[in-house]
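Next up, data.cif (mmCIF, C-alpha atoms):
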data_final
loop_
_atom_site.label_atom_id
_atom_site.label_comp_id
_atom_site.auth_asym_id
_atom_site.auth_seq_id
_atom_site.Cartn_x
_atom_site.Cartn_y
_atom_site.Cartn_z
CA GLY A 363 17.32 -93.41 84.85
CA GLU A 364 16.89 -90.64 87.36
CA ASP A 365 13.36 -89.83 88.44
CA VAL A 366 11.72 -87.90 91.29
CA GLU A 367 8.04 -88.33 92.11
CA GLN A 368 5.71 -86.31 94.32
CA SER A 369 1.99 -86.10 94.95
CA LEU A 370 0.48 -83.15 93.11
CA PHE A 371 -1.71 -81.49 95.75
CA LEU A 372 -1.99 -81.06 99.50
CA SER A 373 -4.57 -79.04 101.40
CA VAL A 374 -4.23 -78.20 105.11
CA ARG A 375 -5.79 -75.84 107.60
CA GLU A 376 -3.81 -72.90 108.93
CA GLY A 377 -1.95 -73.91 112.08
CA ASP A 378 -1.83 -77.62 111.20
CA SER A 379 1.31 -79.44 110.09
CA SER A 380 1.90 -80.17 106.40
CA VAL A 381 3.81 -83.23 105.23
CA ILE A 382 4.95 -83.36 101.62
CA ASN A 383 6.38 -86.65 100.39
CA CYS A 384 8.79 -87.50 97.60
CA THR A 385 10.43 -90.63 96.21
CA TYR A 386 13.53 -90.76 94.07
CA THR A 387 15.29 -93.46 92.12
CA ASP A 388 18.98 -92.58 92.06
CA SER A 389 20.62 -94.28 95.02
CA SER A 390 23.87 -92.40 94.35
CA SER A 391 22.29 -89.00 95.04
CA THR A 392 24.53 -86.85 97.16
CA TYR A 393 22.19 -84.00 98.06
CA LEU A 394 18.42 -83.90 98.31
CA TYR A 395 16.62 -80.56 98.30
CA TRP A 396 13.31 -78.89 98.87
CA TYR A 397 12.55 -75.77 96.81
CA LYS A 398 9.57 -73.43 97.08
CA GLN A 399 8.03 -71.61 94.10
CA GLU A 400 5.52 -68.83 94.53
CA PRO A 401 3.53 -67.39 91.59
CA GLY A 402 5.67 -65.18 89.36
CA ALA A 403 8.82 -65.89 91.34
CA GLY A 404 11.85 -68.09 90.83
CA LEU A 405 12.57 -71.19 92.83
CA GLN A 406 13.84 -70.60 96.34
CA LEU A 407 15.95 -73.20 98.12
CA LEU A 408 14.21 -73.99 101.43
CA THR A 409 16.41 -76.69 102.86
CA TYR A 410 18.57 -79.63 101.88
CA ILE A 411 19.91 -82.82 103.39
CA PHE A 412 23.03 -84.84 102.73
CA SER A 413 22.45 -88.44 101.74
CA ASN A 414 24.32 -89.66 104.86
CA MET A 415 21.83 -87.94 107.19
CA ASP A 416 18.35 -89.13 108.12
CA MET A 417 16.88 -85.98 109.61
CA LYS A 418 17.41 -82.26 109.51
CA GLN A 419 15.45 -79.59 111.37
CA ASP A 420 15.45 -75.91 110.46
CA GLN A 421 12.95 -73.78 112.41
CA ARG A 422 9.47 -74.87 111.23
CA LEU A 423 10.89 -77.27 108.64
CA THR A 424 11.82 -80.90 109.29
CA VAL A 425 13.29 -83.08 106.56
CA LEU A 426 13.26 -86.85 106.94
CA LEU A 427 15.26 -89.13 104.65
CA ASN A 428 14.75 -92.88 104.39
CA LYS A 429 17.62 -93.87 102.15
CA LYS A 430 16.65 -97.55 102.07
CA ASP A 431 13.22 -96.72 100.64
CA LYS A 432 14.51 -93.63 98.73
CA HIS A 433 11.83 -91.56 100.42
CA LEU A 434 12.15 -87.91 101.42
CA SER A 435 9.59 -85.83 103.30
CA LEU A 436 9.20 -82.20 104.28
CA ARG A 437 7.17 -81.33 107.34
CA ILE A 438 6.09 -77.72 107.85
CA ALA A 439 4.93 -77.08 111.41
CA ASP A 440 2.23 -74.48 112.16
CA THR A 441 1.48 -73.98 108.47
CA GLN A 442 0.57 -70.40 107.53
CA THR A 443 -1.28 -68.98 104.54
CA GLY A 444 2.05 -67.57 103.37
CA ASP A 445 3.28 -71.14 102.97
CA SER A 446 0.86 -71.66 100.06
CA ALA A 447 3.11 -72.40 97.09
CA ILE A 448 4.48 -75.24 94.98
CA TYR A 449 7.14 -77.32 96.72
CA PHE A 450 9.68 -79.20 94.61
CA CYS A 451 11.73 -82.13 95.74
CA ALA A 452 15.06 -82.40 93.91
CA GLU A 453 18.22 -84.48 93.87
CA SER A 454 21.75 -84.09 92.63
CA PRO A 455 22.79 -87.39 91.13
CA ASN A 456 26.37 -88.28 91.82
CA THR A 457 27.36 -88.14 88.16
CA GLY A 458 30.17 -85.65 88.54
CA GLY A 459 28.10 -82.91 86.96
CA PHE A 460 26.02 -80.29 88.67
CA LYS A 461 22.59 -80.81 87.19
CA THR A 462 19.66 -81.13 89.54
CA ILE A 463 16.68 -83.40 88.90
CA PHE A 464 13.33 -82.00 90.04
CA GLY A 465 10.00 -83.61 90.79
CA ALA A 466 6.81 -82.19 89.29
CA GLY A 467 6.03 -80.27 92.48
CA THR A 468 3.35 -80.46 95.18
CA ARG A 469 0.92 -77.57 95.29
CA LEU A 470 0.16 -76.73 98.93
CA PHE A 471 -3.12 -74.99 99.70
CA VAL A 472 -3.48 -73.51 103.19
CA LYS A 473 -7.03 -72.78 104.28
CA ALA A 474 -7.58 -69.99 106.79
CA ASP B 879 23.88 -57.69 94.07
CA THR B 880 20.18 -58.16 93.37
CA GLY B 881 20.32 -61.83 92.43
CA VAL B 882 19.88 -63.60 89.12
CA SER B 883 18.05 -61.54 86.51
CA GLN B 884 16.51 -62.66 83.24
CA ASN B 885 15.27 -60.72 80.24
CA PRO B 886 12.75 -60.52 78.83
CA ARG B 887 10.28 -61.78 81.42
CA HIS B 888 7.74 -62.63 78.73
CA LYS B 889 8.07 -63.34 75.02
CA ILE B 890 5.35 -64.08 72.47
CA THR B 891 6.49 -65.16 69.04
CA LYS B 892 5.18 -66.84 65.94
CA ARG B 893 6.18 -70.34 65.00
CA GLY B 894 9.34 -70.36 62.94
CA GLN B 895 10.84 -67.21 64.43
CA ASN B 896 14.09 -67.10 66.40
CA VAL B 897 14.17 -65.90 70.00
CA THR B 898 17.03 -65.08 72.37
CA PHE B 899 16.91 -64.86 76.14
CA ARG B 900 19.48 -63.34 78.45
CA CYS B 901 20.55 -64.31 81.96
CA ASP B 902 22.70 -62.22 84.28
CA PRO B 903 23.96 -64.38 87.15
CA ILE B 904 25.09 -63.33 90.60
CA SER B 905 28.40 -61.67 89.88
CA GLU B 906 30.75 -63.88 91.87
CA HIS B 907 29.19 -67.16 90.68
CA ASN B 908 31.17 -69.05 88.07
CA ARG B 909 28.54 -71.73 87.36
CA LEU B 910 25.41 -70.97 85.36
CA TYR B 911 22.51 -73.26 84.44
CA TRP B 912 19.55 -73.24 82.10
CA TYR B 913 16.34 -75.17 82.84
CA ARG B 914 12.99 -75.43 81.10
CA GLN B 915 9.73 -75.70 83.04
CA THR B 916 6.41 -76.58 81.45
CA LEU B 917 3.05 -76.21 83.13
CA GLY B 918 2.55 -78.64 85.97
CA GLN B 919 6.11 -79.93 85.83
CA GLY B 920 9.33 -79.27 87.65
CA PRO B 921 12.30 -77.64 85.96
CA GLU B 922 14.18 -79.85 83.48
CA PHE B 923 17.91 -79.39 83.16
CA LEU B 924 19.09 -78.10 79.77
CA THR B 925 22.75 -77.14 80.13
CA TYR B 926 25.37 -75.68 82.43
CA PHE B 927 28.49 -73.55 82.18
CA GLN B 928 31.54 -73.25 84.33
CA ASN B 929 32.89 -69.82 83.47
CA GLU B 930 32.66 -69.65 79.66
CA ALA B 931 32.87 -73.42 79.12
CA GLN B 932 29.66 -75.33 78.41
CA LEU B 933 30.28 -78.56 80.34
CA GLU B 934 27.05 -80.49 80.14
CA LYS B 935 24.08 -80.56 77.77
CA SER B 936 20.84 -82.45 78.12
CA ARG B 937 19.46 -84.46 75.23
CA LEU B 938 16.47 -82.09 75.54
CA LEU B 939 18.69 -79.43 73.98
CA SER B 940 17.99 -80.05 70.30
CA ASP B 941 20.01 -78.58 67.44
CA ARG B 942 17.66 -75.59 67.37
CA PHE B 943 18.83 -74.56 70.84
CA SER B 944 22.16 -72.92 71.52
CA ALA B 945 23.52 -71.39 74.69
CA GLU B 946 26.57 -69.20 75.12
CA ARG B 947 28.41 -67.53 77.92
CA PRO B 948 31.09 -65.64 76.00
CA LYS B 949 32.98 -63.94 78.81
CA GLY B 950 31.97 -66.12 81.70
CA SER B 951 29.44 -63.56 82.93
CA PHE B 952 25.98 -63.25 81.31
CA SER B 953 24.57 -66.04 79.18
CA THR B 954 22.19 -66.20 76.24
CA LEU B 955 19.88 -69.00 75.17
CA GLU B 956 18.74 -68.89 71.55
CA ILE B 957 15.98 -70.97 70.04
CA GLN B 958 15.88 -71.08 66.26
CA ARG B 959 12.78 -71.86 64.19
CA THR B 960 10.58 -71.97 67.27
CA GLU B 961 7.84 -74.60 67.53
CA GLN B 962 4.69 -74.57 69.64
CA GLY B 963 6.23 -77.26 71.84
CA ASP B 964 8.93 -74.78 72.86
CA SER B 965 6.34 -72.82 74.85
CA ALA B 966 7.55 -72.98 78.44
CA MET B 967 9.22 -71.04 81.23
CA TYR B 968 13.00 -70.86 80.76
CA LEU B 969 14.82 -70.59 84.05
CA CYS B 970 18.38 -69.58 84.66
CA ALA B 971 20.32 -70.26 87.84
CA SER B 972 23.81 -69.54 89.08
CA SER B 973 25.63 -71.21 91.91
CA GLY B 974 28.20 -70.53 94.54
CA LEU B 975 29.39 -72.18 97.68
CA THR B 976 27.24 -71.67 100.78
CA GLY B 977 29.14 -73.45 103.51
CA ASP B 978 29.88 -76.78 101.88
CA LEU B 979 26.88 -76.77 99.56
CA GLU B 980 26.93 -75.56 95.96
CA THR B 981 23.66 -73.63 96.16
CA GLN B 982 21.76 -72.76 93.00
CA TYR B 983 19.97 -69.40 92.97
CA PHE B 984 17.23 -69.10 90.38
CA GLY B 985 16.10 -66.13 88.34
CA PRO B 986 12.40 -65.31 87.82
CA GLY B 987 12.37 -66.95 84.39
CA THR B 988 11.39 -65.98 80.85
CA ARG B 989 7.97 -67.21 79.82
CA LEU B 990 7.85 -68.07 76.10
CA LEU B 991 4.63 -68.50 74.14
CA VAL B 992 4.91 -69.72 70.57
CA LEU B 993 1.78 -69.13 68.51
#

How does the structure come out when it is put into structure tokens?
Amino acid sequence: GEDVEQSLFLSVREGDSSVINCTYTDSSSTYLYWYKQEPGAGLQLLTYIFSNMDMKQDQRLTVLLNKKDKHLSLRIADTQTGDSAIYFCAESPNTGGFKTIFGAGTRLFVKA
Amino acid sequence: DTGVSQNPRHKITKRGQNVTFRCDPISEHNRLYWYRQTLGQGPEFLTYFQNEAQLEKSRLLSDRFSAERPKGSFSTLEIQRTEQGDSAMYLCASSGLTGDLETQYFGPGTRLLVL
């Protein structure tokens, strides 16, 4: 079945880079996403990557996709205290529907 | 448009009672989704609508759960005979095309506590 796994916690110092990793099982996934959730707020789409790409850069965010290993990572450069949140990796399986499968989320702590 | 809104934001109920949640999507979006999120987990897909048609339902959506979107605009999610295991955050999302990506925009959620 479809499954997305992430490490639960990451702690970094302000100004350092953060790397959040994710593995997924569905090799037919079309889109892979990173969402951010702050306390009391809904999920916010940060960035996404098509399954036929291996890298995407968007300002401080870099997404790397290793399709062979089904591994996705999100790198946040120059991490700020405002980046403290839960980051969810997600995939859209190519089942013809529009449901999205989420990982359990990685809680990022940024120390000043 | 102020985005996806959900009401109420919080609901406390006793076991066995019925509850109903409402979601107002972004007005031009024709797809609407319901997810459930428990503590320490990511959102789990429950169901989705295209206009007023409910096109996909998860096996998580037991017979006690029913969702409607009568006129293809707002949606309601009803839980009958609530159980303590229903305690969770219920998230609604709507989607529209952003470039070539069907982007889901999430509401703030309704947090349900069943005592």

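Excluding Gly963 of chain B itself and same-chain residues fewer than 2 positions from it, the residues having an atom within 12 Å of it are B:Arg893, B:Gly894, B:Arg914, B:Gln915, B:Thr916, B:Leu917, B:Leu938, B:Ile957, B:Arg959, B:Thr960, B:Glu961, B:Ser965, B:Ala966, B:Met967, B:Leu990, B:Leu991, B:Val992, B:Leu993, counting all atoms listed in the file.
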
Determine, counting all atoms listed in the file, every residue of protein, DNA or RNA that lies within 10 Å of (13.7, -65.3, 93.3) in the file coordinates, then give the result as a PyMOL selection string.
-> (chain A and resi 398-400+402-407) or (chain B and resi 880-883+971+983-987)

Contact residues around Gln421 of chain A with all atoms listed in the file at 12 Å, ignoring same-chain residues under 2 positions, as a list of chain:residue names |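 Counting only the stated atoms, we get A:Leu408, A:Thr409, A:Lys418, A:Gln419, A:Leu423, A:Thr424, A:Val425, A:Arg437, A:Ile438, A:Ala439, A:Asp440.
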
Would you kindly return, as a list in words, each protein, DNA or RNA residue with an atom no farther than 12 Å from any atom of Phe460 of chain A, considering only C-alpha atoms and excluding same-chain residues fewer than 5 positions away?
-> Ser391, Thr392, Tyr393, Glu453, Ser454 and Pro455 of chain A; Arg909, Leu910, Tyr911, Trp912, Phe923, Leu924, Thr925, Tyr926, Phe927, Gln928, Gln932, Leu933, Glu934, Lys935, Ser936, Ala971, Ser972, Ser973, Gly974, Leu979, Glu980, Thr981 and Gln982 of chain B

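With distances taken over all atoms listed in the file, B:Arg887 is the one residue among B:Arg942, B:Arg937, B:Arg887, B:Arg900 lying closest to chain A.
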
Given the PyMOL selection byres ((chain A and resi 377) around 8), the residues it picks as a ChimeraX atom specification = /A:375-376,378-379,439-442

Rank nothing, just name the residue among A:Asp416, A:Thr385, A:Phe471, A:Phe464 nearest to chain B, using all atoms listed in the file.
-> A:Phe464

Take atom CA of Asn908 of chain B and atom CA of Tyr397 of chain A and report the distance between them in Å, one decimal.
->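 Separation of atom CA of Asn908 of chain B and atom CA of Tyr397 of chain A: 21.6 Å.
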
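In this comparison, which uses all atoms listed in the file, the residue of B:Asn896, B:Gln962, B:Gln884, B:Asn929 approaching chain A most closely is B:Gln884.
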
Given the PyMOL selection byres ((chain B and resi 953) around 7), the residues it picks as a CSV table (one decimal) with C-alpha atoms, in the frame of the given file:
chain,number,residue,atom,x,y,z
B,900,ARG,CA,19.5,-63.3,78.4
B,901,CYS,CA,20.6,-64.3,82.0
B,902,ASP,CA,22.7,-62.2,84.3
B,946,GLU,CA,26.6,-69.2,75.1
B,947,ARG,CA,28.4,-67.5,77.9
B,951,SER,CA,29.4,-63.6,82.9
B,952,PHE,CA,26.0,-63.2,81.3
B,954,THR,CA,22.2,-66.2,76.2
B,955,LEU,CA,19.9,-69.0,75.2

How many Å lie between atom CA of Arg422 of chain A and atom CA of Ser369 of chain A, rounded to one decimal?
->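 One can read the atom CA of Arg422 of chain A to atom CA of Ser369 of chain A distance as 21.1 Å.
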
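Shortest separation to Tyr449 of chain A among B:Ala945, B:Glu956, B:Pro921, B:Leu969 occurs at residue B:Pro921, atoms counted being all atoms listed in the file.
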
Point out the residue among B:Ser905, B:Leu975, B:Tyr968, B:Gly950 with the least atom-to-atom distance to Glu922 of chain B, counting all atoms listed in the file.
-> B:Tyr968

Of the candidates A:Ser435, A:Thr462, A:Ser380, A:Gln368, which shows the shortest atom-to-atom distance to chain B, using only C-alpha atoms?
->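 So, comparing all the options, the nearest one is A:Thr462.
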
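Atom CA of Gly920 of chain B lies 16.6 Å from atom CA of Leu939 of chain B.
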
Student task, segment 895-988 of chain B output with C-alpha atoms as a tab-separated table (two decimals), in the first residue's frame:
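Resulting contents of result.tsv:
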chain	number	residue	atom	x	y	z
B	895	GLN	CA	-23.86	12.60	20.43
B	896	ASN	CA	-23.96	13.68	16.79
B	897	VAL	CA	-21.77	16.51	15.51
B	898	THR	CA	-21.68	18.42	12.22
B	899	PHE	CA	-18.84	20.47	10.82
B	900	ARG	CA	-18.96	22.95	7.97
B	901	CYS	CA	-16.38	23.86	5.35
B	902	ASP	CA	-16.54	26.83	3.00
B	903	PRO	CA	-14.02	26.37	0.18
B	904	ILE	CA	-12.38	29.01	-1.98
B	905	SER	CA	-15.24	30.10	-4.19
B	906	GLU	CA	-13.87	29.18	-7.61
B	907	HIS	CA	-12.62	25.73	-6.54
B	908	ASN	CA	-14.73	22.81	-7.65
B	909	ARG	CA	-12.86	20.11	-5.69
B	910	LEU	CA	-13.21	19.78	-1.93
B	911	TYR	CA	-11.54	17.32	0.45
B	912	TRP	CA	-11.91	16.16	4.02
B	913	TYR	CA	-8.98	14.85	6.07
B	914	ARG	CA	-8.59	13.73	9.67
B	915	GLN	CA	-5.44	14.46	11.67
B	916	THR	CA	-4.68	12.89	15.03
B	917	LEU	CA	-1.95	14.03	17.38
B	918	GLY	CA	1.52	13.33	16.05
B	919	GLN	CA	0.27	12.15	12.67
B	920	GLY	CA	-0.18	13.63	9.25
B	921	PRO	CA	-3.60	14.22	7.73
B	922	GLU	CA	-5.43	11.09	6.58
B	923	PHE	CA	-7.66	11.34	3.55
B	924	LEU	CA	-11.37	10.78	4.23
B	925	THR	CA	-13.26	11.81	1.09
B	926	TYR	CA	-13.38	14.23	-1.81
B	927	PHE	CA	-16.00	15.97	-3.94
B	928	GLN	CA	-15.95	17.31	-7.43
B	929	ASN	CA	-18.74	19.87	-7.44
B	930	GLU	CA	-21.60	18.12	-5.62
B	931	ALA	CA	-20.49	14.58	-6.49
B	932	GLN	CA	-18.66	12.55	-3.84
B	933	LEU	CA	-16.09	10.71	-5.95
B	934	GLU	CA	-13.86	8.92	-3.50
B	935	LYS	CA	-14.22	7.68	0.08
B	936	SER	CA	-11.58	6.20	2.32
B	937	ARG	CA	-12.25	3.01	4.25
B	938	LEU	CA	-11.61	5.21	7.31
B	939	LEU	CA	-15.02	6.76	6.65
B	940	SER	CA	-17.22	4.39	8.64
B	941	ASP	CA	-21.01	4.25	8.40
B	942	ARG	CA	-21.24	6.81	11.21
B	943	PHE	CA	-19.60	9.43	8.99
B	944	SER	CA	-21.38	11.21	6.18
B	945	ALA	CA	-20.28	14.10	4.04
B	946	GLU	CA	-22.36	16.23	1.71
B	947	ARG	CA	-21.82	19.08	-0.66
B	948	PRO	CA	-25.39	19.78	-1.76
B	949	LYS	CA	-24.89	22.66	-4.18
B	950	GLY	CA	-21.25	22.19	-5.01
B	951	SER	CA	-20.21	25.02	-2.69
B	952	PHE	CA	-19.93	24.48	1.10
B	953	SER	CA	-19.67	20.99	2.55
B	954	THR	CA	-20.70	19.38	5.82
B	955	LEU	CA	-19.20	16.41	7.62
B	956	GLU	CA	-21.47	14.70	10.14
B	957	ILE	CA	-20.39	12.14	12.69
B	958	GLN	CA	-23.19	10.17	14.31
B	959	ARG	CA	-22.95	8.45	17.70
B	960	THR	CA	-19.50	9.88	18.34
B	961	GLU	CA	-16.85	7.71	20.00
B	962	GLN	CA	-13.75	8.77	21.90
B	963	GLY	CA	-11.64	7.54	19.00
B	964	ASP	CA	-13.22	10.20	16.80
B	965	SER	CA	-11.32	12.88	18.72
B	966	ALA	CA	-9.08	14.53	16.13
B	967	MET	CA	-8.59	17.61	13.98
B	968	TYR	CA	-10.84	17.54	10.90
B	969	LEU	CA	-9.31	19.41	8.00
B	970	CYS	CA	-10.99	20.61	4.87
B	971	ALA	CA	-9.19	21.60	1.68
B	972	SER	CA	-10.23	22.85	-1.72
B	973	SER	CA	-8.22	22.81	-4.88
B	974	GLY	CA	-7.73	24.72	-8.07
B	975	LEU	CA	-5.18	24.85	-10.81
B	976	THR	CA	-2.01	26.82	-10.09
B	977	GLY	CA	-0.06	26.63	-13.31
B	978	ASP	CA	-0.22	22.94	-14.08
B	979	LEU	CA	-0.56	21.78	-10.48
B	980	GLU	CA	-3.85	21.05	-8.75
B	981	THR	CA	-2.97	22.81	-5.50
B	982	GLN	CA	-4.86	21.99	-2.31
B	983	TYR	CA	-5.48	24.89	0.07
B	984	PHE	CA	-6.28	23.86	3.63
B	985	GLY	CA	-8.59	25.41	6.18
B	986	PRO	CA	-7.57	25.85	9.84
B	987	GLY	CA	-9.46	22.73	10.89
B	988	THR	CA	-12.12	21.82	13.45
